[in-house]
file input-v4.cif (mmCIF, C-alpha atoms)
data_protein
#
loop_
_atom_site.label_atom_id
_atom_site.label_comp_id
_atom_site.auth_asym_id
_atom_site.auth_seq_id
_atom_site.Cartn_x
_atom_site.Cartn_y
_atom_site.Cartn_z
CA MET E 1389 -85.84 129.54 -37.55
CA LYS E 1390 -88.07 126.52 -37.84
CA ILE E 1391 -87.49 123.24 -39.68
CA GLU E 1392 -90.75 121.31 -40.04
CA VAL E 1393 -90.32 117.58 -40.62
CA TRP E 1394 -93.09 115.35 -41.91
CA SER E 1395 -92.30 111.72 -41.07
CA ASP E 1396 -93.67 108.42 -39.83
CA ILE E 1397 -92.22 106.25 -37.07
CA VAL E 1398 -92.23 103.08 -39.20
CA CYS E 1399 -90.26 104.78 -41.99
CA PRO E 1400 -86.57 103.81 -41.84
CA PHE E 1401 -85.50 106.72 -44.03
CA CYS E 1402 -87.23 109.07 -41.57
CA TYR E 1403 -85.01 107.69 -38.80
CA ILE E 1404 -81.92 108.07 -40.98
CA GLY E 1405 -83.00 111.54 -42.09
CA LYS E 1406 -83.47 112.64 -38.49
CA HIS E 1407 -79.89 111.74 -37.65
CA ASN E 1408 -78.55 113.33 -40.82
CA VAL E 1409 -80.29 116.65 -40.24
CA GLU E 1410 -79.10 116.60 -36.62
CA ALA E 1411 -75.56 115.98 -37.86
CA ALA E 1412 -75.92 119.06 -40.05
CA LEU E 1413 -77.21 121.10 -37.13
CA ALA E 1414 -74.22 120.00 -35.04
CA ARG E 1415 -71.98 121.61 -37.67
CA PHE E 1416 -74.06 124.79 -37.92
CA SER E 1417 -72.84 127.70 -35.82
CA GLU E 1418 -76.33 129.18 -35.34
CA SER E 1419 -78.04 125.93 -34.35
CA ASP E 1420 -79.31 127.46 -31.09
CA ALA E 1421 -81.63 129.61 -33.19
CA VAL E 1422 -83.10 126.63 -35.06
CA GLU E 1423 -86.14 124.64 -33.92
CA LEU E 1424 -87.15 121.20 -35.20
CA GLU E 1425 -90.91 120.65 -35.33
CA TRP E 1426 -92.18 117.13 -35.99
CA LYS E 1427 -95.22 116.79 -38.24
CA SER E 1428 -97.38 113.69 -38.52
CA PHE E 1429 -97.62 111.53 -41.62
CA GLN E 1430 -98.94 107.97 -41.94
CA LEU E 1431 -97.52 105.66 -44.58
CA ASP E 1432 -100.29 103.13 -44.01
CA PRO E 1433 -103.30 104.91 -42.47
CA GLU E 1434 -105.55 102.00 -43.49
CA LEU E 1435 -103.77 99.56 -41.17
CA PRO E 1436 -106.39 98.96 -38.45
CA LYS E 1437 -105.56 99.67 -34.83
CA GLY E 1438 -104.84 96.43 -33.00
CA VAL E 1439 -103.56 94.69 -36.12
CA THR E 1440 -99.81 94.13 -36.14
CA TYR E 1441 -97.28 92.38 -38.35
CA ALA E 1442 -94.46 90.70 -36.47
CA ASP E 1443 -92.88 89.77 -39.80
CA THR E 1444 -91.81 92.98 -41.54
CA TYR E 1445 -90.70 91.08 -44.64
CA GLN E 1446 -94.11 89.50 -45.09
CA TYR E 1447 -95.80 92.88 -44.62
CA LEU E 1448 -93.58 94.55 -47.22
CA ALA E 1449 -94.03 91.67 -49.64
CA GLN E 1450 -97.82 91.92 -49.40
CA ARG E 1451 -97.95 95.71 -49.53
CA LYS E 1452 -95.49 96.14 -52.40
CA GLY E 1453 -96.37 92.99 -54.32
CA ILE E 1454 -92.85 91.58 -54.18
CA ARG E 1455 -91.29 88.32 -53.02
CA ILE E 1456 -90.16 87.99 -49.41
CA ALA E 1457 -86.60 87.44 -50.63
CA GLN E 1458 -86.78 90.82 -52.39
CA ALA E 1459 -88.09 92.44 -49.20
CA ARG E 1460 -85.15 91.02 -47.26
CA GLU E 1461 -82.66 92.23 -49.85
CA MET E 1462 -84.23 95.70 -49.95
CA THR E 1463 -84.19 96.13 -46.16
CA ALA E 1464 -80.61 94.87 -45.91
CA ASP E 1465 -79.48 97.78 -48.07
CA VAL E 1466 -81.48 100.22 -45.94
CA ALA E 1467 -79.97 98.78 -42.77
CA LEU E 1468 -76.50 99.49 -44.14
CA SER E 1469 -77.51 103.10 -44.83
CA GLY E 1470 -78.82 103.31 -41.28
CA LYS E 1471 -75.54 102.05 -39.88
CA LYS E 1472 -73.69 104.84 -41.68
CA ALA E 1473 -76.05 107.37 -40.11
CA GLY E 1474 -75.59 105.88 -36.65
CA VAL E 1475 -78.94 104.12 -36.32
CA GLU E 1476 -79.61 100.42 -35.78
CA LEU E 1477 -82.35 99.04 -38.01
CA ASN E 1478 -83.34 95.54 -36.96
CA PHE E 1479 -86.01 94.72 -39.54
CA GLU E 1480 -86.19 91.13 -38.35
CA ARG E 1481 -87.50 92.42 -34.98
CA ALA E 1482 -89.59 95.42 -36.09
CA ILE E 1483 -93.34 95.13 -35.50
CA VAL E 1484 -95.47 96.97 -38.05
CA ALA E 1485 -98.46 98.69 -36.44
CA ASN E 1486 -100.72 101.70 -36.78
CA THR E 1487 -98.84 104.87 -35.76
CA TRP E 1488 -101.78 107.20 -34.99
CA ASP E 1489 -101.42 107.17 -31.20
CA ALA E 1490 -97.63 107.42 -31.42
CA HIS E 1491 -98.07 110.63 -33.42
CA ARG E 1492 -100.45 111.96 -30.78
CA LEU E 1493 -97.80 111.22 -28.16
CA ILE E 1494 -95.24 113.23 -30.15
CA HIS E 1495 -97.61 116.20 -30.17
CA LEU E 1496 -98.07 115.87 -26.42
CA ALA E 1497 -94.30 115.79 -26.01
CA GLN E 1498 -93.81 118.83 -28.23
CA SER E 1499 -96.23 120.78 -26.06
CA VAL E 1500 -93.73 120.42 -23.19
CA ASN E 1501 -90.53 120.69 -25.26
CA ARG E 1502 -89.84 116.94 -25.30
CA GLY E 1503 -90.76 116.23 -28.91
CA ASN E 1504 -87.30 115.39 -30.20
CA ILE E 1505 -86.62 113.04 -27.28
CA VAL E 1506 -89.88 111.15 -27.77
CA LYS E 1507 -89.43 110.99 -31.54
CA GLU E 1508 -85.99 109.40 -31.13
CA ALA E 1509 -87.29 107.00 -28.47
CA LEU E 1510 -90.15 105.85 -30.71
CA PHE E 1511 -87.81 105.23 -33.63
CA ARG E 1512 -85.50 103.24 -31.38
CA ALA E 1513 -88.39 101.29 -29.84
CA HIS E 1514 -89.67 100.29 -33.27
CA PHE E 1515 -86.54 99.71 -35.32
CA THR E 1516 -83.97 98.68 -32.72
CA ASP E 1517 -85.84 97.12 -29.81
CA GLY E 1518 -88.72 95.48 -31.66
CA LYS E 1519 -91.44 97.12 -29.55
CA ASP E 1520 -95.06 97.53 -30.62
CA ILE E 1521 -95.39 101.32 -30.88
CA SER E 1522 -99.19 101.07 -31.01
CA ASP E 1523 -99.26 99.40 -27.58
CA TYR E 1524 -100.28 101.76 -24.77
CA ASP E 1525 -97.79 100.28 -22.29
CA THR E 1526 -94.97 100.90 -24.78
CA LEU E 1527 -96.11 104.48 -25.39
CA ILE E 1528 -96.45 105.22 -21.67
CA ALA E 1529 -92.97 103.79 -21.00
CA VAL E 1530 -91.55 106.02 -23.75
CA ALA E 1531 -93.35 109.02 -22.27
CA LYS E 1532 -92.06 108.36 -18.76
CA ASP E 1533 -88.48 107.82 -19.93
CA ALA E 1534 -88.68 111.15 -21.76
CA GLY E 1535 -89.74 112.97 -18.61
CA LEU E 1536 -93.44 113.27 -19.38
CA ALA E 1537 -95.96 112.75 -16.60
CA GLU E 1538 -97.48 109.27 -16.77
CA ALA E 1539 -100.91 110.67 -15.90
CA ALA E 1540 -100.74 113.10 -18.83
CA ALA E 1541 -99.78 110.31 -21.23
CA ARG E 1542 -102.59 108.06 -20.01
CA THR E 1543 -105.14 110.85 -20.22
CA MET E 1544 -104.09 111.59 -23.78
CA LEU E 1545 -104.22 107.95 -24.86
CA ASP E 1546 -107.64 107.43 -23.28
CA SER E 1547 -109.07 110.43 -25.13
CA ASP E 1548 -108.88 112.08 -28.54
CA LEU E 1549 -106.39 114.72 -27.42
CA PHE E 1550 -104.07 115.87 -30.24
CA ALA E 1551 -106.10 113.96 -32.83
CA HIS E 1552 -106.92 117.29 -34.49
CA GLU E 1553 -103.22 118.19 -34.66
CA VAL E 1554 -102.35 114.87 -36.30
CA THR E 1555 -105.16 115.26 -38.83
CA GLN E 1556 -104.10 118.85 -39.51
CA ASP E 1557 -100.49 117.78 -40.18
CA ILE E 1558 -101.62 115.12 -42.64
CA GLN E 1559 -103.91 117.56 -44.45
CA GLU E 1560 -101.15 120.16 -44.54
CA ALA E 1561 -98.86 117.58 -46.17
CA ARG E 1562 -101.47 117.08 -48.90
CA ASN E 1563 -101.77 120.83 -49.39
CA LEU E 1564 -97.99 121.11 -49.80
CA GLY E 1565 -97.92 118.23 -52.25
CA ILE E 1566 -95.93 115.94 -49.96
CA ARG E 1567 -96.29 112.37 -51.22
CA GLY E 1568 -93.45 110.70 -49.32
CA VAL E 1569 -91.43 111.08 -46.16
CA PRO E 1570 -89.18 112.26 -44.69
CA PHE E 1571 -89.85 115.77 -45.96
CA PHE E 1572 -88.05 118.74 -44.43
CA VAL E 1573 -89.32 122.31 -44.83
CA PHE E 1574 -86.95 125.13 -43.89
CA ASN E 1575 -88.64 128.40 -42.91
CA ARG E 1576 -91.42 127.64 -45.45
CA GLN E 1577 -89.02 128.68 -48.21
CA TYR E 1578 -86.83 125.66 -48.93
CA ALA E 1579 -87.46 121.93 -48.78
CA VAL E 1580 -85.45 118.72 -48.77
CA SER E 1581 -87.11 115.43 -49.67
CA GLY E 1582 -85.74 112.14 -48.40
CA ALA E 1583 -82.87 111.07 -46.16
CA GLN E 1584 -80.25 113.24 -47.82
CA PRO E 1585 -76.61 113.32 -46.60
CA PRO E 1586 -75.75 115.82 -43.82
CA GLU E 1587 -73.97 118.03 -46.38
CA VAL E 1588 -77.21 118.60 -48.30
CA PHE E 1589 -79.05 119.52 -45.12
CA LEU E 1590 -76.24 121.85 -44.08
CA GLN E 1591 -76.26 123.68 -47.41
CA THR E 1592 -80.03 124.14 -47.27
CA LEU E 1593 -79.83 125.17 -43.64
CA GLN E 1594 -77.26 127.85 -44.37
CA LYS E 1595 -79.28 129.20 -47.28
CA ALA E 1596 -82.58 129.21 -45.37
CA PHE E 1597 -81.05 130.71 -42.25
CA ALA E 1598 -79.43 133.54 -44.20
CA ALA E 1599 -82.84 134.49 -45.59
CA TRP E 1600 -84.46 134.14 -42.16
CA ARG E 1601 -81.78 136.31 -40.52
CA ILE E 1602 -82.50 139.15 -42.94
CA GLU E 1603 -86.12 139.09 -41.76
CA ASN E 1604 -85.11 138.55 -38.13
CA PRO E 1605 -81.92 140.54 -37.50
CA LYS E 1606 -80.08 140.35 -34.22
CA VAL E 1607 -80.82 143.46 -32.20
CA PRO E 1608 -78.21 144.28 -29.54
CA LEU E 1609 -79.63 145.09 -26.14
CA ASP E 1610 -79.24 148.60 -24.79
CA VAL E 1611 -78.17 147.66 -21.26
CA THR E 1612 -78.31 149.91 -18.21
CA ASP E 1613 -75.83 148.46 -15.71
CA GLY E 1614 -76.64 147.99 -12.02
CA PRO E 1615 -75.70 145.80 -9.05
CA SER E 1616 -75.80 142.09 -9.98
CA CYS E 1617 -74.34 138.66 -9.25
CA SER E 1618 -72.57 136.34 -11.69
CA PRO E 1619 -72.48 132.51 -11.71
CA ASN E 1620 -68.89 132.54 -10.40
CA GLY E 1621 -70.12 134.10 -7.15
CA ASN E 1622 -69.02 137.66 -7.76
CA CYS E 1623 -71.58 140.25 -6.67
CA ASP E 1624 -71.05 143.95 -7.18
#
call {"tool": "encode", "arguments": {"input": "input-v4.cif", "output": "structure tokens"}}
result
Amino acid sequence: MKIEVWSDIVCPFCYIGKHNVEAALARFSESDAVELEWKSFQLDPELPKGVTYADTYQYLAQRKGIRIAQAREMTADVALSGKKAGVELNFERAIVANTWDAHRLIHLAQSVNRGNIVKEALFRAHFTDGKDISDYDTLIAVAKDAGLAEAAARTMLDSDLFAHEVTQDIQEARNLGIRGVPFFVFNRQYAVSGAQPPEVFLQTLQKAFAAWRIENPKVPLDVTDGPSCSPNGNCD
């Protein structure tokens, strides 16, 4: 069964939500049959490439029309929520930047089954380590650490590879009426909006999986036995 997750790397609740849904999956007995698919969403698509904000509080104050003191107070509460979910949100270090190329990197990673690793690494780079996730050197380092070929990452960044996939994800979000992230869609039947507690994800997971299992029943194999070897070294 598939869980599709629309999110953005500069969204703290997306980072928290990722850990909460993973906590639910860790408690779910059929988790091996569940796939997480990361979908692109940009909270600030108008932010030009190459333009960064080293001061997150100033960026939030300008974008939301609030005082910097309010921005600090707001993010302090979010940081506490992150701590409960096991993520470190260092807003004083986070660099706000355009996330387009980071989303393309996630699509590249998903094409070789490394999407979840890269997604986590990008969140950590942005929120914990204060890295510029629009910077090519940062993205290539993330790719290499995740086991992706450096040449593949460079080729992608120097081209428009996976741009169509990112655009398609964003359009699909509009079609589904998604106005904020994170947004989790279970088997295209159930949805959870926001960084809900693990218990909410687990309940939805159980409900969605039960429906999916009816459509995809386990079929026992009809095995014809013959000579074989087992991992413990026994051959007969």
call {"tool": "closest_residue", "arguments": {"input": "input-v4.cif", "among": "E:Asp1465, E:Gly1614, E:Val1484, E:Tyr1578", "to": "E:Gln1446", "atoms": "all atoms listed in the file"}}
result
E:Val1484
call {"tool": "atom_distance", "arguments": {"input": "input-v4.cif", "atom1": "atom CA of E:Val1569", "atom2": "atom CA of E:Glu1480"}}
result
22.1 Å
call {"tool": "closest_residue", "arguments": {"input": "input-v4.cif", "among": "E:Ala1411, E:Ala1457, E:Ala1534, E:His1552", "to": "E:Asn1501", "atoms": "all atoms listed in the file"}}
result
E:Ala1534
call {"tool": "atom_distance", "arguments": {"input": "input-v4.cif", "atom1": "atom CA of E:Ile1521", "atom2": "atom CA of E:Ala1490"}}
result
6.5 Å
call {"tool": "atom_distance", "arguments": {"input": "input-v4.cif", "atom1": "atom CA of E:Val1573", "atom2": "atom CA of E:Val1393"}}
result
6.4 Å
call {"tool": "closest_residue", "arguments": {"input": "input-v4.cif", "among": "E:Ile1397, E:Met1389, E:Cys1402, E:Cys1617", "to": "E:Phe1571", "atoms": "all atoms listed in the file"}}
result
E:Cys1402
call {"tool": "resolve_selection", "arguments": {"input": "input-v4.cif", "expression": "the PyMOL selection byres ((chain E and resi 1542) around 12)", "output": "compact mmCIF listing (two decimals) with C-alpha atoms, keeping the file's coordinate frame"}}
result
# COMPACT_ATOMS: atom_id res chain seq x y z
CA ASP E 1489 -101.42 107.17 -31.20
CA ARG E 1492 -100.45 111.96 -30.78
CA LEU E 1493 -97.80 111.22 -28.16
CA LEU E 1496 -98.07 115.87 -26.42
CA ASP E 1523 -99.26 99.40 -27.58
CA TYR E 1524 -100.28 101.76 -24.77
CA ASP E 1525 -97.79 100.28 -22.29
CA THR E 1526 -94.97 100.90 -24.78
CA LEU E 1527 -96.11 104.48 -25.39
CA ILE E 1528 -96.45 105.22 -21.67
CA ALA E 1529 -92.97 103.79 -21.00
CA VAL E 1530 -91.55 106.02 -23.75
CA ALA E 1531 -93.35 109.02 -22.27
CA LYS E 1532 -92.06 108.36 -18.76
CA LEU E 1536 -93.44 113.27 -19.38
CA ALA E 1537 -95.96 112.75 -16.60
CA GLU E 1538 -97.48 109.27 -16.77
CA ALA E 1539 -100.91 110.67 -15.90
CA ALA E 1540 -100.74 113.10 -18.83
CA ALA E 1541 -99.78 110.31 -21.23
CA THR E 1543 -105.14 110.85 -20.22
CA MET E 1544 -104.09 111.59 -23.78
CA LEU E 1545 -104.22 107.95 -24.86
CA ASP E 1546 -107.64 107.43 -23.28
CA SER E 1547 -109.07 110.43 -25.13
CA ASP E 1548 -108.88 112.08 -28.54
CA LEU E 1549 -106.39 114.72 -27.42
call {"tool": "closest_residue", "arguments": {"input": "input-v4.cif", "among": "E:Phe1589, E:Trp1394, E:Trp1600, E:Tyr1447", "to": "E:Arg1562", "atoms": "all atoms listed in the file"}}
result
E:Trp1394
call {"tool": "closest_residue", "arguments": {"input": "input-v4.cif", "among": "E:His1514, E:His1491, E:Lys1507, E:Arg1601", "to": "E:Phe1479", "atoms": "all atoms listed in the file"}}
result
E:His1514
call {"tool": "resolve_selection", "arguments": {"input": "input-v4.cif", "expression": "the PyMOL selection byres ((chain E and resi 1624) around 6)", "output": "PyMOL selection string"}}
result
chain E and resi 1615-1616+1623
call {"tool": "write_last_selection", "arguments": {"input": "input-v4.cif", "atoms": "C-alpha atoms", "output": "mmCIF file, keeping the file's coordinate frame"}}
result
data_model
loop_
_atom_site.group_PDB
_atom_site.id
_atom_site.type_symbol
_atom_site.label_atom_id
_atom_site.label_comp_id
_atom_site.auth_asym_id
_atom_site.auth_seq_id
_atom_site.Cartn_x
_atom_site.Cartn_y
_atom_site.Cartn_z
ATOM 1 C CA PRO E 1615 -75.700 145.800 -9.050
ATOM 2 C CA SER E 1616 -75.800 142.090 -9.980
ATOM 3 C CA CYS E 1623 -71.580 140.250 -6.670
#
call {"tool": "closest_residue", "arguments": {"input": "input-v4.cif", "among": "E:Glu1461, E:Glu1508, E:Asp1420, E:Asp1520", "to": "E:Val1439", "atoms": "only C-alpha atoms"}}
result
E:Asp1520
call {"tool": "resolve_selection", "arguments": {"input": "input-v4.cif", "expression": "the PyMOL selection byres ((chain E and resi 1459) around 9)", "output": "short mmCIF file (atom, residue, chain, number, x, y, z; two decimals) with C-alpha atoms, in the frame of the given file"}}
result
data_model
loop_
_atom_site.label_atom_id
_atom_site.label_comp_id
_atom_site.auth_asym_id
_atom_site.auth_seq_id
_atom_site.Cartn_x
_atom_site.Cartn_y
_atom_site.Cartn_z
CA THR E 1444 -91.81 92.98 -41.54
CA TYR E 1445 -90.70 91.08 -44.64
CA GLN E 1446 -94.11 89.50 -45.09
CA TYR E 1447 -95.80 92.88 -44.62
CA LEU E 1448 -93.58 94.55 -47.22
CA ALA E 1449 -94.03 91.67 -49.64
CA LYS E 1452 -95.49 96.14 -52.40
CA ILE E 1454 -92.85 91.58 -54.18
CA ARG E 1455 -91.29 88.32 -53.02
CA ILE E 1456 -90.16 87.99 -49.41
CA ALA E 1457 -86.60 87.44 -50.63
CA GLN E 1458 -86.78 90.82 -52.39
CA ARG E 1460 -85.15 91.02 -47.26
CA GLU E 1461 -82.66 92.23 -49.85
CA MET E 1462 -84.23 95.70 -49.95
CA THR E 1463 -84.19 96.13 -46.16
CA ALA E 1464 -80.61 94.87 -45.91
#
call {"tool": "residues_around", "arguments": {"input": "input-v4.cif", "residues": "stretch 1405-1410 of chain E", "least_positions_apart": "6", "cutoff": "7 Å", "atoms": "only C-alpha atoms", "output": "list in words"}}
result
Ala1473, Pro1570, Gly1582, Ala1583, Gln1584, Pro1585, Pro1586 and Phe1589 of chain E
call {"tool": "residues_near_point", "arguments": {"input": "input-v4.cif", "point": "(-76.9, 104.9, -36.9)", "cutoff": "12 Å", "atoms": "only C-alpha atoms", "output": "list in words"}}
result
Pro1400, Phe1401, Tyr1403, Ile1404, Gly1405, Lys1406, His1407, Asn1408, Glu1410, Ala1411, Val1466, Ala1467, Leu1468, Ser1469, Gly1470, Lys1471, Lys1472, Ala1473, Gly1474, Val1475, Glu1476, Leu1477, Asn1478, Glu1508, Phe1511, Arg1512, Phe1515 and Thr1516 of chain E
call {"tool": "residues_around", "arguments": {"input": "input-v4.cif", "residues": "E:Phe1429", "least_positions_apart": "2", "cutoff": "8 Å", "atoms": "all atoms listed in the file", "output": "short mmCIF file (atom, residue, chain, number, x, y, z; two decimals) with C-alpha atoms, in the frame of the given file"}}
result
data_model
loop_
_atom_site.label_atom_id
_atom_site.label_comp_id
_atom_site.auth_asym_id
_atom_site.auth_seq_id
_atom_site.Cartn_x
_atom_site.Cartn_y
_atom_site.Cartn_z
CA TRP E 1394 -93.09 115.35 -41.91
CA SER E 1395 -92.30 111.72 -41.07
CA ASP E 1396 -93.67 108.42 -39.83
CA LYS E 1427 -95.22 116.79 -38.24
CA LEU E 1431 -97.52 105.66 -44.58
CA VAL E 1554 -102.35 114.87 -36.30
CA ASP E 1557 -100.49 117.78 -40.18
CA ILE E 1558 -101.62 115.12 -42.64
CA ALA E 1561 -98.86 117.58 -46.17
CA VAL E 1569 -91.43 111.08 -46.16
#
call {"tool": "residues_around", "arguments": {"input": "input-v4.cif", "residues": "E:Lys1437", "least_positions_apart": "2", "cutoff": "10 Å", "atoms": "only C-alpha atoms", "output": "list of chain:residue names"}}
result
E:Pro1433, E:Glu1434, E:Leu1435, E:Val1439, E:Thr1440, E:Ala1485, E:Asn1486, E:Thr1487, E:Trp1488, E:Asp1489, E:Ser1522, E:Asp1523
call {"tool": "residues_around", "arguments": {"input": "input-v4.cif", "residues": "E:Arg1576", "least_positions_apart": "2", "cutoff": "9 Å", "atoms": "all atoms listed in the file", "output": "list in words"}}
result
Lys1390, Ile1391, Glu1392, Val1573, Phe1574, Tyr1578, Ala1579 and Ala1596 of chain E
